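Following: one structure in structure tokens, then a few remarks.
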Amino acid sequence: MSQVTMTVNGKEMSGDAEGRTLLSQFLRETLGLTGTHVGCDTSQCGACVVHVDGVAVKSCTMLAMEAEGASVDTIEGQAAQDGTLNALQQAFQDHHGLQCGFCTPGMIMSAADLLKSNPNPTEAEVRHHLEGNICRCTGYHNIVKAIMAASGQDVSSIAAE
Amino acid sequence: MYNFDFEKPSTIADAVSALGTEDAQALGGGQTLLPTMKQRLASPSKLVSLKGIAEMQGICTGDDGALCIGGATTHADVAAGAGAYAGLAGLAAGIGDPAVRARGTIGGSLANNDPAACYPAGALASGATIVTNAREIAADDYFQGMFTTALDEGEIITEVRFPVPEASNYQKFEQPASRFALVGVFVAKFADGVRVAVTGASEDGVFRWSEAEAALSGNFSADAIVDMAPGADGMISDLHGTAAYRAHLVGVLTRRAVAAALSLPT
Ligand SMILES: Cc1cc2nc3c(=O)[nH]c(=O)nc-3n(C[C@H](O)[C@H](O)[C@H](O)COP(=O)(O)OP(=O)(O)OC[C@H]3O[C@@H](n4cnc5c(N)ncnc54)[C@H](O)[C@@H]3O)c2cc1C
Ligand code: FES
Ligand code: FES
């Protein structure tokens, strides 16, 4: 065991980790931040996506020790202190972008990653960017719609809910 | 996953010495190695992360005009930074998904030499040089069949040098579940001839399709290889596609790659 320290959602946090401790495990089990979900644990589904130094990664496929000293953003850090949802979160709620919600933390973090580099994506770009995020409920349609809406685009012409 | 020691050296020399421990293994982006370890198909005693080595990161242009890519450079960085070689940047941009590209590295991909991986096709078609801590290996000598390369135990890829062709393109027919190439073809046209490398298709891993190279070197147009396809003998056959299907795809994708190379910048 050794101590790993990282800045999570703006706060410095430390905990013990083994070599094999995954970042997803460290966030969930050591730091108690269970908003980051583990769906497949094999880097396929994207439920575990978080940002490390501003870049979206699958936290189930990164060692906690690799994040030593890094700045990590998770779904817990997305809403304002008083609980007000950010634009993406609110758009997911408004446009029915989630059903069971299991994939949602990863979807939001991947979408935030996209909007940072491409604030005005086309529908095709949104779908392409979500290739590594699997949703078993929604059929993706309303997720795409929510992301387009969060980017400030008019989504009224995007087909039926 | 079994436990292991973890080291993150900041120089190539320290990484090489850390890899001297019995059963130590290099860790690039971990996008292949960590899933393999979770399945207990690998159980190294120590992982030596290459992510902290500044001299293995980034892209530059050599004196001879070749594009030099550090062995620990991510797919995302190649996609964004290899504009001087658009065919290669396009290949990197199509690997897996954004999160995989943010961690996965060129050195890891070439060391792994998955028979369906993209970079082996790019490196072989470009006639790239694989630079390690110990020597330089020509791509033609480097790939030695599925998951097999010329690398010795503990040898690390520090840089890959790509001669930049006059025109190039990579066409990947995606296997939709894994997002690897069911078949992928990289075509590179140099002043002295055309090179065509195929991934995903052969039981021997990435290979050069010399018949198409000869035809295209005489006439660089899709018409030069109409109806041409390699034989189905030795092609992979699995639930995703038969050997004949893959052989057919090689022909189709090569024609598409040539057409795209002619209509796009390098
Ligand atoms: C969902 C998903 C989709 C993917 N889709 C594609 C795809 O479409 N096309 C594609 O080509 N790949 C794909 N990959 C694989 C991906 O490109 C990996 O990043 C790559 O194969 C391995 O690179 P890595 O840096 O993660 O290496 P690691 O997983 O860290 O290591 C792989 C192997 O290489 C060794 N190694 C690592 N770096 C070096 C080095 N510099 N020198 C010597 N040995 C080294 C390790 O010891 C290990 O044996 C996908 C992966 C996932 C999870
Ligand atoms: S849990 Fe990490 S990708 Fe599925
Ligand atoms: S809302 Fe259930 S998996 Fe996406």
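Residue numbering restarts at 1 in every chain; chains get A, B, ... in the order shown in the structure tokens, and ligands count up from 1 in that same order.
Backbone DSSP of range 118-173 of chain B yields helix (DSSP H, G or I) at Tyr119, Pro120, Ala121, Gly122, Ala123, Leu124, Ala125, Ser126, Ala139, Asp140, Asp141 and Tyr142 of chain B.
For Val50 in chain A, the set of protein, DNA and RNA residues having any atom at most 9 Å away, when counting only C-alpha atoms and skipping those fewer than 4 positions along the same chain, is Ser24, Thr36, Gly54, Val55, Ala56, Val57, Lys58, Ser59, Val72, Asp73, Thr74, Ile75, Pro105, Gly106, Met109 and Ser110 of chain A.
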Could you please take those selected residues and save N, CA, C and O atoms as a PDB file, in the first residue's frame?
```
ATOM      1  N   SER A  24     -11.219   3.937 -10.726  1.00  0.00           N
ATOM      2  CA  SER A  24     -12.659   3.806 -10.429  1.00  0.00           C
ATOM      3  C   SER A  24     -12.864   3.288  -9.006  1.00  0.00           C
ATOM      4  O   SER A  24     -13.714   3.788  -8.251  1.00  0.00           O
ATOM      5  N   THR A  36     -19.421   7.760  -9.868  1.00  0.00           N
ATOM      6  CA  THR A  36     -18.740   7.125 -10.994  1.00  0.00           C
ATOM      7  C   THR A  36     -19.123   5.653 -10.989  1.00  0.00           C
ATOM      8  O   THR A  36     -18.868   4.954 -10.016  1.00  0.00           O
ATOM      9  N   GLY A  54      -8.345  17.218 -17.163  1.00  0.00           N
ATOM     10  CA  GLY A  54      -9.171  17.805 -18.205  1.00  0.00           C
ATOM     11  C   GLY A  54      -9.509  16.913 -19.377  1.00  0.00           C
ATOM     12  O   GLY A  54     -10.155  17.348 -20.326  1.00  0.00           O
ATOM     13  N   VAL A  55      -9.086  15.646 -19.325  1.00  0.00           N
ATOM     14  CA  VAL A  55      -9.328  14.756 -20.459  1.00  0.00           C
ATOM     15  C   VAL A  55     -10.179  13.560 -20.006  1.00  0.00           C
ATOM     16  O   VAL A  55      -9.922  12.988 -18.944  1.00  0.00           O
ATOM     17  N   ALA A  56     -11.169  13.187 -20.811  1.00  0.00           N
ATOM     18  CA  ALA A  56     -12.043  12.070 -20.444  1.00  0.00           C
ATOM     19  C   ALA A  56     -11.311  10.742 -20.568  1.00  0.00           C
ATOM     20  O   ALA A  56     -10.702  10.451 -21.605  1.00  0.00           O
ATOM     21  N   VAL A  57     -11.341   9.947 -19.507  1.00  0.00           N
ATOM     22  CA  VAL A  57     -10.730   8.616 -19.530  1.00  0.00           C
ATOM     23  C   VAL A  57     -11.692   7.634 -18.869  1.00  0.00           C
ATOM     24  O   VAL A  57     -12.580   8.027 -18.119  1.00  0.00           O
ATOM     25  N   LYS A  58     -11.495   6.362 -19.173  1.00  0.00           N
ATOM     26  CA  LYS A  58     -12.279   5.325 -18.502  1.00  0.00           C
ATOM     27  C   LYS A  58     -11.541   4.960 -17.214  1.00  0.00           C
ATOM     28  O   LYS A  58     -10.459   4.392 -17.260  1.00  0.00           O
ATOM     29  N   SER A  59     -12.151   5.313 -16.073  1.00  0.00           N
ATOM     30  CA  SER A  59     -11.427   5.162 -14.807  1.00  0.00           C
ATOM     31  C   SER A  59     -11.259   3.710 -14.403  1.00  0.00           C
ATOM     32  O   SER A  59     -10.452   3.401 -13.534  1.00  0.00           O
ATOM     33  N   VAL A  72      -8.738  15.509 -10.904  1.00  0.00           N
ATOM     34  CA  VAL A  72      -9.759  14.578 -11.372  1.00  0.00           C
ATOM     35  C   VAL A  72     -11.142  15.208 -11.188  1.00  0.00           C
ATOM     36  O   VAL A  72     -11.434  15.741 -10.116  1.00  0.00           O
ATOM     37  N   ASP A  73     -11.945  15.165 -12.230  1.00  0.00           N
ATOM     38  CA  ASP A  73     -13.317  15.666 -12.118  1.00  0.00           C
ATOM     39  C   ASP A  73     -14.287  14.526 -12.306  1.00  0.00           C
ATOM     40  O   ASP A  73     -14.175  13.751 -13.260  1.00  0.00           O
ATOM     41  N   THR A  74     -15.246  14.425 -11.396  1.00  0.00           N
ATOM     42  CA  THR A  74     -16.242  13.362 -11.476  1.00  0.00           C
ATOM     43  C   THR A  74     -17.635  13.987 -11.537  1.00  0.00           C
ATOM     44  O   THR A  74     -17.788  15.200 -11.406  1.00  0.00           O
ATOM     45  N   ILE A  75     -18.621  13.138 -11.676  1.00  0.00           N
ATOM     46  CA  ILE A  75     -20.001  13.618 -11.767  1.00  0.00           C
ATOM     47  C   ILE A  75     -20.400  14.403 -10.514  1.00  0.00           C
ATOM     48  O   ILE A  75     -21.186  15.344 -10.596  1.00  0.00           O
ATOM     49  N   PRO A 105     -23.760   9.165 -15.508  1.00  0.00           N
ATOM     50  CA  PRO A 105     -22.531   9.881 -15.119  1.00  0.00           C
ATOM     51  C   PRO A 105     -21.483   9.854 -16.229  1.00  0.00           C
ATOM     52  O   PRO A 105     -20.857  10.883 -16.531  1.00  0.00           O
ATOM     53  N   GLY A 106     -21.305   8.705 -16.847  1.00  0.00           N
ATOM     54  CA  GLY A 106     -20.324   8.593 -17.926  1.00  0.00           C
ATOM     55  C   GLY A 106     -20.752   9.395 -19.149  1.00  0.00           C
ATOM     56  O   GLY A 106     -19.927  10.025 -19.815  1.00  0.00           O
ATOM     57  N   MET A 109     -20.077  13.056 -18.432  1.00  0.00           N
ATOM     58  CA  MET A 109     -18.646  13.400 -18.452  1.00  0.00           C
ATOM     59  C   MET A 109     -18.092  13.341 -19.882  1.00  0.00           C
ATOM     60  O   MET A 109     -17.265  14.162 -20.264  1.00  0.00           O
ATOM     61  N   SER A 110     -18.552  12.377 -20.676  1.00  0.00           N
ATOM     62  CA  SER A 110     -18.109  12.323 -22.077  1.00  0.00           C
ATOM     63  C   SER A 110     -18.644  13.507 -22.858  1.00  0.00           C
ATOM     64  O   SER A 110     -17.946  14.101 -23.683  1.00  0.00           O
TER      65      SER A 110
END
```
* **chain B contacts to chain A at 7 Å (only C-alpha atoms) as a VMD selection string** => chain B and resid 1 3 to 6 30 to 31 34 to 35 97 to 100 102 to 103
* Asked: If you count only C-alpha atoms, which residues fall within 8 Å of range 118-121 of chain A, apart from same-chain ones fewer than 6 positions away, as a VMD selection string?
  -> chain A and resid 148 151 to 153
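Compared by their closest atoms to ligand 1, and using only C-alpha atoms and all ligand atoms, the residues B:Ala26, B:Val206, B:Ala247, B:Leu41 rank with B:Ala26 nearest.
Residue nearest Gln25 in chain B, chosen from B:Ala13, B:Val183, B:Ala93, B:Leu50 and counting only C-alpha atoms: B:Leu50.
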* Step by step, measure atom-to-atom distances between ligand 3 and each residue using only C-alpha atoms and all ligand atoms, keep those at most 7 Å, then write them as a list in words. => Leu98, Gln99, Cys100, Gly101, Phe102, Cys103, Thr104, Ile134, Cys135, Arg136, Cys137 and Thr138 of chain A
* To do: Can you list, as a count of residues only, all residues belonging to range 108-205 of chain B that DSSP tags as strand (DSSP E)?
  => 38
Contacts of Lys145 in chain A at 8 Å or less, counting only C-alpha atoms, minus same-chain residues fewer than 6 places along, as a PDB file with N, CA and C atoms, in the first residue's frame?
```pdb
ATOM      1  N   HIS A  95     -34.873  16.691 -21.303  1.00  0.00           N
ATOM      2  CA  HIS A  95     -35.119  15.969 -22.560  1.00  0.00           C
ATOM      3  C   HIS A  95     -35.202  14.467 -22.369  1.00  0.00           C
ATOM      4  N   GLY A  97     -33.103  12.340 -21.059  1.00  0.00           N
ATOM      5  CA  GLY A  97     -31.892  11.692 -21.546  1.00  0.00           C
ATOM      6  C   GLY A  97     -31.450  10.526 -20.679  1.00  0.00           C
ATOM      7  N   VAL A 155     -33.397  22.154 -30.660  1.00  0.00           N
ATOM      8  CA  VAL A 155     -33.558  20.718 -30.920  1.00  0.00           C
ATOM      9  C   VAL A 155     -34.990  20.363 -31.282  1.00  0.00           C
ATOM     10  N   ILE A 158     -35.396  17.920 -34.095  1.00  0.00           N
ATOM     11  CA  ILE A 158     -34.872  16.553 -33.977  1.00  0.00           C
ATOM     12  C   ILE A 158     -36.048  15.628 -33.676  1.00  0.00           C
TER      13      ILE A 158
END
```
* To do: Return as a ChimeraX atom specification every polymer residue, whether protein, DNA or RNA, with at least one atom no more than 8 Å from an atom of ligand 1; count only C-alpha atoms and all ligand atoms.
  => /A:42-44,132 /B:25-35,50,71-72,74-75,94-97,100-101,103-114,116-120,132,151,154-159,174,178-181
* To do: Measure the distance from CA of Thr61 in chain B to CA of Pro165 in chain B in Å and round it to one decimal.
  => 13.6 Å
* To do: Just give me the gap between CA of Ser168 in chain B and CA of Val252 in chain B in Å, one decimal is fine.
  => 15.9 Å
* Structure fact -> The distance between CA of Gly10 in chain A and CA of Ala70 in chain A is 10.7 Å
